[in-house]
Protein chains: 4
Amino acid sequence: MSGDVAIILASVMGSPFQYRPPKFDAPPLSDAPDARFEPAPADGVLPETFYSTTNLPTYVKVQGQWRRPRLPRMDCVIVREQVRNDLVVTEPRKVPKGGLVAVGSAEDGSTGIYVHVEGFYGGRHSANEFGFMQTERPADYSHLAQLLGEEKHRGGRIVWVIGPALVHARARQDMIWFIRNGYVGALLGGNAVAVHDLEAAIFGTTLGMSSSGEGVEGGHALHMRAINAIRRVGSIHAAVERGLVKDGIMHALVTQHVPFVLAGSIRDDGPLPEVVTDTQLAQDAMRAHTTQATFAVFVATALHAIAVGNMLPAFVDGPGDDLRPLTTICVDQTEFVVTKLRDRGTHQAYGVVTNAQDFMHVLRFYVERWEQAQVPASVSR
Amino acid sequence: MSGDVAIILASVMGSPFQYRPPKFDAPPLSDAPDARFEPAPADGVLPETFYSTTNLPTYVKVQGQWRRPRLPRMDCVIVREQVRNDLVVTEPRKVPKGGLVAVGSAEDGSTGIYVHVEGFYGGRHSANEFGFMQTERPADYSHLAQLLGEEKHRGGRIVWVIGPALVHARARQDMIWFIRNGYVGALLGGNAVAVHDLEAAIFGTTLGMSSSGEGVEGGHALHMRAINAIRRVGSIHAAVERGLVKDGIMHALVTQHVPFVLAGSIRDDGPLPEVVTDTQLAQDAMRAHTTQATFAVFVATALHAIAVGNMLPAFVDGPGDDLRPLTTICVDQTEFVVTKLRDRGTHQAYGVVTNAQDFMHVLRFYVERWEQAQVPASVSR
Amino acid sequence: MSGDVAIILASVMGSPFQYRPPKFDAPPLSDAPDARFEPAPADGVLPETFYSTTNLPTYVKVQGQWRRPRLPRMDCVIVREQVRNDLVVTEPRKVPKGGLVAVGSAEDGSTGIYVHVEGFYGGRHSANEFGFMQTERPADYSHLAQLLGEEKHRGGRIVWVIGPALVHARARQDMIWFIRNGYVGALLGGNAVAVHDLEAAIFGTTLGMSSSGEGVEGGHALHMRAINAIRRVGSIHAAVERGLVKDGIMHALVTQHVPFVLAGSIRDDGPLPEVVTDTQLAQDAMRAHTTQATFAVFVATALHAIAVGNMLPAFVDGPGDDLRPLTTICVDQTEFVVTKLRDRGTHQAYGVVTNAQDFMHVLRFYVERWEQAQVPASVSR
Amino acid sequence: MSGDVAIILASVMGSPFQYRPPKFDAPPLSDAPDARFEPAPADGVLPETFYSTTNLPTYVKVQGQWRRPRLPRMDCVIVREQVRNDLVVTEPRKVPKGGLVAVGSAEDGSTGIYVHVEGFYGGRHSANEFGFMQTERPADYSHLAQLLGEEKHRGGRIVWVIGPALVHARARQDMIWFIRNGYVGALLGGNAVAVHDLEAAIFGTTLGMSSSGEGVEGGHALHMRAINAIRRVGSIHAAVERGLVKDGIMHALVTQHVPFVLAGSIRDDGPLPEVVTDTQLAQDAMRAHTTQATFAVFVATALHAIAVGNMLPAFVDGPGDDLRPLTTICVDQTEFVVTKLRDRGTHQAYGVVTNAQDFMHVLRFYVERWEQAQVPASVSR
């Protein structure tokens with residue numbers, strides 16, 4: 001429930017409601033023409049420009065009089081029964097051949113049909129606004145890819161905040177691709193992200209499963225063995241340098257010199273040597289990156305996404321007045337995290353509700369395509 | 001993502017963004033005083049009236065000049081470092097004793113602090129609006145109970161739309177209580193609701209489980225046996241009249257003469273004799289009730305809630321101009337159904353995200369308490 | 001997807017499948033009688049003891065021969081068409097009066113009907129096991145109340161682990177009741193739990209909302225002001241002792257001398273003075289309680305529930321061989337947390353999927369009732 | 001909560017628990033050697049083959065005696081303190097250099113460490129089984145692609161059951177690709193699937209949004225106008241033949257002669273002419289396809305998936321004894337649908353929890369790749 005709707009509901013639920021009828025004796029309503037009606041061409045078939053109803057108080061002008069049709073509901077039509085001089089909201093399938101159906105699409109009275117949102121929901125809203133709200137809007141990957149590509153080429157600093165669900169066979173390769181191709185300015189995460197990745201690098205498993213999802217013998221202890229192996233050599237950096245860790249996300253970060261912060265939590269096993277176990281020091285380490293961020297991508301993490309969301313300004317800071325929004329993409333299996341972010345004030349968060357691994361795969365595909373589309377342009381320069 | 005936020009994001013994501021700086025040379029900003037700063041009484045302790053930051057573009061007036069503090073983020077304070085003449089957004093825990101902290105709570109510039117929502121999100125929004133949006137608002141059962149109680153006493157027609165998850169031992173008793181006490185004007189549901197209830201009435205189980213959740217021998221076929229038993233006697237009404245069904249929701253509906261519609265679906269086993277298997281006829285049967293509804297309660301059903309939501313006007317229809325909102329309570333384990341309802345235009349839906357059985361139990365408790373509180377009043381009349 | 005099912009699916013999805021037909025020439029199948037058929041008493045009405053099908057390979061003995069009925073599916077019946085000597089799985093509604101329907105409920109061949117689970121899913125499973133698995137099992141509050149009540153009276157140590165969603169007007173009162181009535185041996189949580197509770201104690205709001213869910217002016221900064229107020233007096237204990245905090249969960253813990261641990265996280269504002277910001281020290285502080293726990297209740301927290309779940313043994317430890325399970329109740333709005341707990345080995349977790357506040361309210365009601373039911377017994381001793 | 005776990009919990013929650021200690025005086029435990037301990041090479045670093053603990057009752061043989069280490073928990077190690085002759089379960093980070101840590105990975109006593117699952121959870125379970133259960137198993141698209149590809153090449157009949165969330169710009173193209181490339185033997189859905197697709201074909205929008213997610217003027221009525229346009233020409237087939245509908249899923253089905261069933265529901269607007277409004281007739285039409293299905297894919301639909309799941313046998317029916325599992329892939333944004341399917345007996349359902357559109361995109365990519373990999377093989381034949 002976001003902003004306005006919450007406000008509306010509070011007023012609906014709360015204080016006494018007082019309906020304010022439309023002002024029919026003032027323009028523009030006083031000047032409105034009668035509504036037009038056209039006959040249905042066949043049983044259950046409507047005239048082409050039929051007016052489709054909403055569930056809000058609606059007035060239709062007939063013979064100079066504004067009347068509310070009976071039996072209101074949405075997604076129906078207004079039928080005028082001449083014999084009984086009746087106006088009834090009717091399901092399209094029930095309209096008989098020749099039945100007179102109101103036509104037009106305006107809802108402001110200009111064609112004799114008026115939807116009275118104002119008196120019902122308060123002054124700020126248009127009928128159109130309440131036609132449809134869209135939570136089902138699909139992610140527009142080509143647009144995300146363009147934003148990401150442009151940010152890289154502008155020299156921005158893209159901060160990624162990721163959770164352990166991202167670190168499985170497929171998405172790991174995609175994350176490595178983004179690191180190697182300059183799309184990661186800093187990576188913020190926790191102990192578990194690195195443990196999963198290092199277990200995969202050392203033992204070829206994640207939480208004891210092979211990349212095809214099969215359990216291996218003794219698998220449940222492998223994350224503990226991975227932690228121990230890193231602790232033995234002293235650090236993740238040392239493990240990469242000595243060849244204990246030969247691939248993976250942490251390997252790519254170290255070899256590409258991309259900074260990372262692993263913030264400690266009470267769920268941590270180990271932890272790994274680079275983990276900042278004090279949460280205040282971890283916040284400081286994270287903020288050193290968020291103050292430089294110009295773009296943020298949160299994937300499959302609630303704790304870290306909200307922590308970073310609290311730190312990020314809604315805009316890219318800079319000298320003078322040349323501010324721009326700090327694009328923040330938040331990917332999670334449910335709407336929970338992005339809702340939380342917005343509740344806490346990160347209104348600029350662009351939510352993508354999907355599986356983290358599928359997101360990474362599709363996004364990479366689109367970014368690769370976007371990059372290919374740039375080539376001729378750069379060549380021709 | 002609802003209305004306004006969607007609109008904001010669309011603009012953020014879409015067309016080129018152009019930041020419009022505040023108009024400092026016009027009132028009210030041109031007349032604003034310098035911001036006030038007070039010293040922190042101890043390390044990490046703030047002056048009592050400290051100003052708490054947002055993540056939006058913020059300007060502070062210092063020595064007659066409007067400046068944006070560095071390192072913006074939310075839930076922090078603005079510290080003025082006099083030596084370097086610096087303004088920095090700082091975590092409260094990092095403020096040293098004596099550090100100068102901006103104070104005040106206004107964000108409109110009247111005390112020297114200005115949050116520039118307008119230039120960032122467009123003209124309609126106030127800073128306050130973006131302070132917090134509340135999706136975590138807990139259900140206010142005492143208010144729901146009052147609305148329900150008042151509706152009953154006003155002679156309204158409360159339509160319930162319920163799904164099979166409601167029909168388990170505990171909630172079944174609560175639903176019966178609402179039926180017996182005049183809170184149910186009509187009940188709309190599907191085959192499964194009635195099958196579960198009748199299985200419980202005949203065999204004491206639901207989908208083969210006892211009321212304490214234990215499976216019983218051969219339990220998985222008991223819903224089929226319940227259906228067959230009803231089909232044998234010809235109807236649910238006959239089963240109640242002949243004593244085959246001695247308790248439950250369907251029993252209460254029949255004995256209290258509360259009308260019900262069981263609409264068919266492709267998931268139905270059986271179906272029971274009263275089920276309207278043609279979906280258009282079922283819609284007609286349902287609408288005969290929705291056109292008379294003055295209040296709606298949807299519990300644990302997506303298909304039926306959305307179908308009924310599409311049919312219900314947003315307001316209680318009536319003669320003249322005395323319209324009022326048609327209160328619609330939507331209870332489900334997730335936000336999905338209420339979000340769908342709102343997306344499709346049922347903006348008045350009041351969502352309660354909880355377990356259907358716990359909802360029924362707590363709601364009944366509050367309604368009983370509300371009724372008891374009315375007694376003296378009615379007696380004294 | 002838990003244990004066995006995962007194993008089954010892995011085998012189904014993975015290596016080449018080889019169906020092993022039943023051994024009809026060995027007992028008990030070789031000795032089985034022919035299946036019995038009875039005529040349907042009316043169109044679409046079955047003989048009372050009809051056999052209800054599953055979706056697994058099924059064999060019916062007819063005239064000494066085991067045959068598989070055609071068109072298999074679940075929740076149907078087996079009809080024998082004598083003219084064509086056909087056996088067909090048929091929807092009950094399509095059975096004509098007089099149609100011959102297989103009867104009986106055994107699936108082991110003893111009455112001529114055999115469901116061959118073994119050859120299909122492997123050796124360990126019975127047909128009955130696959131009849132129905134029940135995830136929809138409703139929470140049995142009376143049983144939970146009994147377990148909790150018995151644990152208290154046995155002198156056990158009940159450890160609660162709670163998240164901030166619990167701390168709203170109603171549930172706060174219920175939590176206080178449990179603390180005051182001896183049901184809380186220790187409370188584990190984070191900074192946010194205490195901040196919400198203290199904001200409510202000091203300002204009467206939670207995240208800036210009043211108890212009825214209305215926003216208050218300047219509300220979004222009140223949690224920061226609450227933190228600052230506590231930091232000013234030095235500790236939560238001091239705030240209670242000096243009367244700054246006069247009610248609430250933290251107040252009840254302090255005045256009832258119930259120990260608590262507030263573990264730090266990177267999401268924390270403040271933090272409050274008692275928060276243990278180093279995550280390793282926080283783990284140590286938590287484990288000092290988990291090693292003494294005899295019962296655990298997790299409400300509305302993922303991070304803390306999983307951290308504590310990792311620390312808890314599956315059993316109540318003690319001298320000698322008198323072990324018993326360490327009952328662990330996990331309450332959350334979704335199945336996510338309890339699934340996570342089980343994935344990580346906390347198999348004893350009893351999941352309740354509901355709203356935290358409704359859970360607390362209903363549980364308290366049942367515990368109060370359980371306590372009242374004990375009174376006569378104790379008196380009579 | 002599936003099968004076994006439910007059974008375990010029922011026993012834990014229900015009847016009196018009686019712990020059965022291990023039989024130490026019988027083989028193999030009576031013959032077991034002492035456990036081996038090795039010194040930690042550095043503070044917080046373990047000997048390489050350390051034993052990693054579980055949370056279950058565990059016995060370690062020391063000097064010929066089986067003892068339970070104190071302070072049990074999972075993911076820790078067992079340290080022997082020689083001075084006090086103590087065995088303590090210890091976090092790895094707290095083990096000092098030289099501390100004696102139990103080593104080995106067997107849990108059956110053969111190396112002196114025994115985890116007593118049997119006495120705790122009952123006879124059927126091994127310690128290994130409880131090491132980790134994996135719900136987080138990522139979807140193995142290459143395996144799914146192979147299954148689908150092989151089914152097509154074997155001449156199987158792949159039945160798709162889809163919901164309206166699939167019908168948005170991107171996934172629509174992918175669905176068309178599967179239809180055109182022979183991967184769809186029949187398509188089962190409802191009115192909304194076809195309405196969304198036809199609105200896109202006629203107006204270029206879905207529920208009034210353009211393919212990039214922007215609302216268009218009057219968009220909320222476009223689905224009603226699409227329905228009316230089809231009703232005017234009489235059928236979807238006629239609309240394709242006359243060129244009113246020139247692309248999309250319905251167009252591909254009609255032009256590729258792939259049969260489809262659109263089953264009616266009470267949520268339907270219109271409905272479209274081909275919709276079977278009677279739910280019993282719709283079930284019959286669906287079952288005509290399910291009895292021939294050899295593979296099923298359910299995407300983004302609860303009602304239709306469960307209806308079809310109820311109809312499908314768990315196996316591919318055929319003459320003789322050559323049965324094989326009927327692979328059933330169920331894709332949804334949450335685990336709800338696949339859990340429901342399994343609860344109702346569709347145990348063979350392979351769940352993929354993701355966004356429907358991302359699923360379609362990634363699956364198509366893998367199927368295309370699988371097909372390309374087959375080419376040389378077919379050529380060389």
# chains A, B, ... in the order shown; residues from 1 in each chain; ligands from 1
$ residues_around --residues "Thr294 (chain D)" --least-positions-apart "2" --cutoff "9 Å" --atoms "only C-alpha atoms" --output "list in words"
Glu151, Gly156, Arg157, Ile158, Val159, Thr290, Thr291, Gln292, Ala296, Phe315, Val316, Asp317, Pro325, Leu326 and Thr327 of chain D
$ interface_residues --of "chain B" --to "chain D" --cutoff "10 Å" --atoms "only C-alpha atoms" --output "JSON, numbers by chain"
{"B": [6, 7, 10, 14, 207, 213, 214, 215, 220, 263, 264, 265, 266, 267, 268, 269, 270, 271, 276, 277, 278, 279, 280, 281, 282, 283, 284, 286, 302, 303, 304, 305, 306, 307, 308, 309, 310, 311, 344, 345]}
$ select_by_dssp --residues "region 194-279 of chain B" --states "strand (DSSP E or B)" --output "list in words"
Thr206, Met209, Gly215, Phe260, Val261, Leu262, Ala263, Val276 and Asp278 of chain B
$ residues_around --residues "His153 (chain A)" --least-positions-apart "5" --cutoff "12 Å" --atoms "only C-alpha atoms" --output "list in words"
Gln146, Leu147, Leu148, Ile158, Asn181, Gly182, Tyr183, Trp370, Glu371, Gln374 and Ser378 of chain A
$ write_last_selection --atoms "N, CA, C and O atoms" --output "PDB file, in the first residue's frame"
ATOM      1  N   GLN A 146      20.319  -0.544 -21.067  1.00  0.00           N
ATOM      2  CA  GLN A 146      20.747   0.759 -21.569  1.00  0.00           C
ATOM      3  C   GLN A 146      21.229   1.654 -20.421  1.00  0.00           C
ATOM      4  O   GLN A 146      22.282   2.299 -20.508  1.00  0.00           O
ATOM      5  N   LEU A 147      20.456   1.694 -19.324  1.00  0.00           N
ATOM      6  CA  LEU A 147      20.852   2.508 -18.178  1.00  0.00           C
ATOM      7  C   LEU A 147      22.224   2.083 -17.659  1.00  0.00           C
ATOM      8  O   LEU A 147      23.081   2.907 -17.349  1.00  0.00           O
ATOM      9  N   LEU A 148      22.411   0.778 -17.559  1.00  0.00           N
ATOM     10  CA  LEU A 148      23.655   0.241 -17.026  1.00  0.00           C
ATOM     11  C   LEU A 148      24.808   0.556 -17.990  1.00  0.00           C
ATOM     12  O   LEU A 148      25.891   0.984 -17.568  1.00  0.00           O
ATOM     13  N   ILE A 158      29.175   1.989 -10.290  1.00  0.00           N
ATOM     14  CA  ILE A 158      28.029   1.105 -10.077  1.00  0.00           C
ATOM     15  C   ILE A 158      28.325   0.193  -8.887  1.00  0.00           C
ATOM     16  O   ILE A 158      29.273  -0.586  -8.921  1.00  0.00           O
ATOM     17  N   ASN A 181      33.864  -6.960 -17.142  1.00  0.00           N
ATOM     18  CA  ASN A 181      33.550  -6.009 -18.197  1.00  0.00           C
ATOM     19  C   ASN A 181      33.288  -4.596 -17.683  1.00  0.00           C
ATOM     20  O   ASN A 181      32.684  -3.784 -18.378  1.00  0.00           O
ATOM     21  N   GLY A 182      33.731  -4.344 -16.468  1.00  0.00           N
ATOM     22  CA  GLY A 182      33.716  -2.971 -15.991  1.00  0.00           C
ATOM     23  C   GLY A 182      32.389  -2.459 -15.462  1.00  0.00           C
ATOM     24  O   GLY A 182      32.194  -1.254 -15.327  1.00  0.00           O
ATOM     25  N   TYR A 183      31.468  -3.379 -15.148  1.00  0.00           N
ATOM     26  CA  TYR A 183      30.163  -2.943 -14.655  1.00  0.00           C
ATOM     27  C   TYR A 183      30.070  -2.914 -13.130  1.00  0.00           C
ATOM     28  O   TYR A 183      28.994  -2.675 -12.592  1.00  0.00           O
ATOM     29  N   TRP A 370      23.247  -4.681 -26.011  1.00  0.00           N
ATOM     30  CA  TRP A 370      23.346  -3.221 -26.025  1.00  0.00           C
ATOM     31  C   TRP A 370      24.754  -2.798 -26.435  1.00  0.00           C
ATOM     32  O   TRP A 370      24.936  -1.886 -27.238  1.00  0.00           O
ATOM     33  N   GLU A 371      25.746  -3.481 -25.876  1.00  0.00           N
ATOM     34  CA  GLU A 371      27.134  -3.131 -26.204  1.00  0.00           C
ATOM     35  C   GLU A 371      27.407  -3.328 -27.684  1.00  0.00           C
ATOM     36  O   GLU A 371      28.058  -2.495 -28.318  1.00  0.00           O
ATOM     37  N   GLN A 374      26.283  -0.592 -29.784  1.00  0.00           N
ATOM     38  CA  GLN A 374      27.041   0.658 -29.685  1.00  0.00           C
ATOM     39  C   GLN A 374      28.235   0.677 -30.626  1.00  0.00           C
ATOM     40  O   GLN A 374      28.730   1.729 -30.981  1.00  0.00           O
ATOM     41  N   SER A 378      30.462   3.959 -32.136  1.00  0.00           N
ATOM     42  CA  SER A 378      31.775   4.386 -31.650  1.00  0.00           C
ATOM     43  C   SER A 378      32.799   4.339 -32.789  1.00  0.00           C
ATOM     44  O   SER A 378      33.666   5.203 -32.893  1.00  0.00           O
TER      45      SER A 378
END
$ atom_distance --atom1 "CA of Met224 (chain A)" --atom2 "CA of Pro259 (chain A)"
24.7 Å
$ residues_around --residues "Phe24 (chain D)" --least-positions-apart "3" --cutoff "12 Å" --atoms "only C-alpha atoms" --output "list of chain:residue names"
D:Arg20, D:Pro21, D:Pro27, D:Pro28, D:Leu29, D:Ser30, D:Asp31, D:Ala32, D:Tyr59, D:Val60, D:Lys61, D:Gly64, D:Gln65, D:Trp66, D:Arg67, D:Asp108, D:Gly109, D:Gly112, D:Tyr114, D:His116
$ write_last_selection --atoms "N, CA and C atoms" --output "compact mmCIF listing (two decimals), in the first residue's frame"
# COMPACT_ATOMS: atom_id res chain seq x y z
N ARG D 20 15.78 -43.48 22.66
CA ARG D 20 16.41 -44.80 22.74
C ARG D 20 17.91 -44.65 22.53
N PRO D 21 18.71 -44.81 23.58
CA PRO D 21 20.17 -44.63 23.44
C PRO D 21 20.74 -45.66 22.47
N PRO D 27 27.97 -54.86 17.99
CA PRO D 27 28.61 -54.34 16.78
C PRO D 27 27.60 -53.49 16.01
N PRO D 28 27.99 -52.51 15.25
CA PRO D 28 29.41 -52.16 15.04
C PRO D 28 29.99 -51.26 16.14
N LEU D 29 29.14 -50.68 17.00
CA LEU D 29 29.68 -49.72 17.98
C LEU D 29 30.65 -50.37 18.97
N SER D 30 30.37 -51.63 19.35
CA SER D 30 31.26 -52.26 20.33
C SER D 30 32.67 -52.45 19.79
N ASP D 31 32.79 -52.50 18.48
CA ASP D 31 34.11 -52.71 17.87
C ASP D 31 34.81 -51.41 17.46
N ALA D 32 34.13 -50.28 17.66
CA ALA D 32 34.66 -49.02 17.11
C ALA D 32 35.95 -48.61 17.80
N TYR D 59 27.95 -39.03 19.81
CA TYR D 59 28.78 -39.72 20.79
C TYR D 59 30.19 -39.85 20.24
N VAL D 60 31.18 -39.63 21.09
CA VAL D 60 32.58 -39.71 20.69
C VAL D 60 33.27 -40.71 21.61
N LYS D 61 34.05 -41.61 21.01
CA LYS D 61 34.71 -42.62 21.83
C LYS D 61 36.08 -42.11 22.25
N GLY D 64 38.12 -45.59 25.15
CA GLY D 64 37.24 -46.74 25.24
C GLY D 64 35.82 -46.43 25.71
N GLN D 65 35.54 -45.15 25.97
CA GLN D 65 34.22 -44.78 26.47
C GLN D 65 33.49 -43.86 25.48
N TRP D 66 32.20 -44.15 25.29
CA TRP D 66 31.41 -43.26 24.42
C TRP D 66 30.87 -42.10 25.26
N ARG D 67 31.18 -40.91 24.86
CA ARG D 67 30.72 -39.75 25.63
C ARG D 67 30.05 -38.73 24.70
N ASP D 108 29.01 -42.92 11.53
CA ASP D 108 28.44 -44.23 11.90
C ASP D 108 29.24 -44.95 12.97
N GLY D 109 30.17 -44.24 13.60
CA GLY D 109 30.94 -44.85 14.67
C GLY D 109 32.24 -45.48 14.20
N GLY D 112 35.00 -43.66 15.48
CA GLY D 112 34.88 -43.20 16.86
C GLY D 112 33.92 -42.05 17.08
N TYR D 114 29.83 -41.04 16.48
CA TYR D 114 28.55 -41.63 16.12
C TYR D 114 27.42 -40.63 16.33
N HIS D 116 23.51 -40.21 16.45
CA HIS D 116 22.42 -41.14 16.74
C HIS D 116 21.08 -40.62 16.20
$ atom_distance --atom1 "CA of Pro33 (chain C)" --atom2 "CA of Thr111 (chain C)"
6.0 Å
$ atom_distance --atom1 "CA of Leu100 (chain C)" --atom2 "CA of Ala40 (chain C)"
6.4 Å
$ residues_around --residues "Ala239 (chain D)" --least-positions-apart "4" --cutoff "12 Å" --atoms "only C-alpha atoms" --output "NGL selection string"
:D and (198 or 201-202 or 226-235 or 243-247 or 250-251 or 254-255 or 272-274)
$ closest_residue --among "A:Val167, A:Lys94, A:Met360, A:Phe178" --to "Asp197 (chain A)" --atoms "only C-alpha atoms"
A:Val167
$ residues_around --residues "Asn85 (chain B)" --least-positions-apart "2" --cutoff "12 Å" --atoms "only C-alpha atoms" --output "PyMOL selection string"
chain B and resi 62-63+67+69-70+79-83+87-88+100
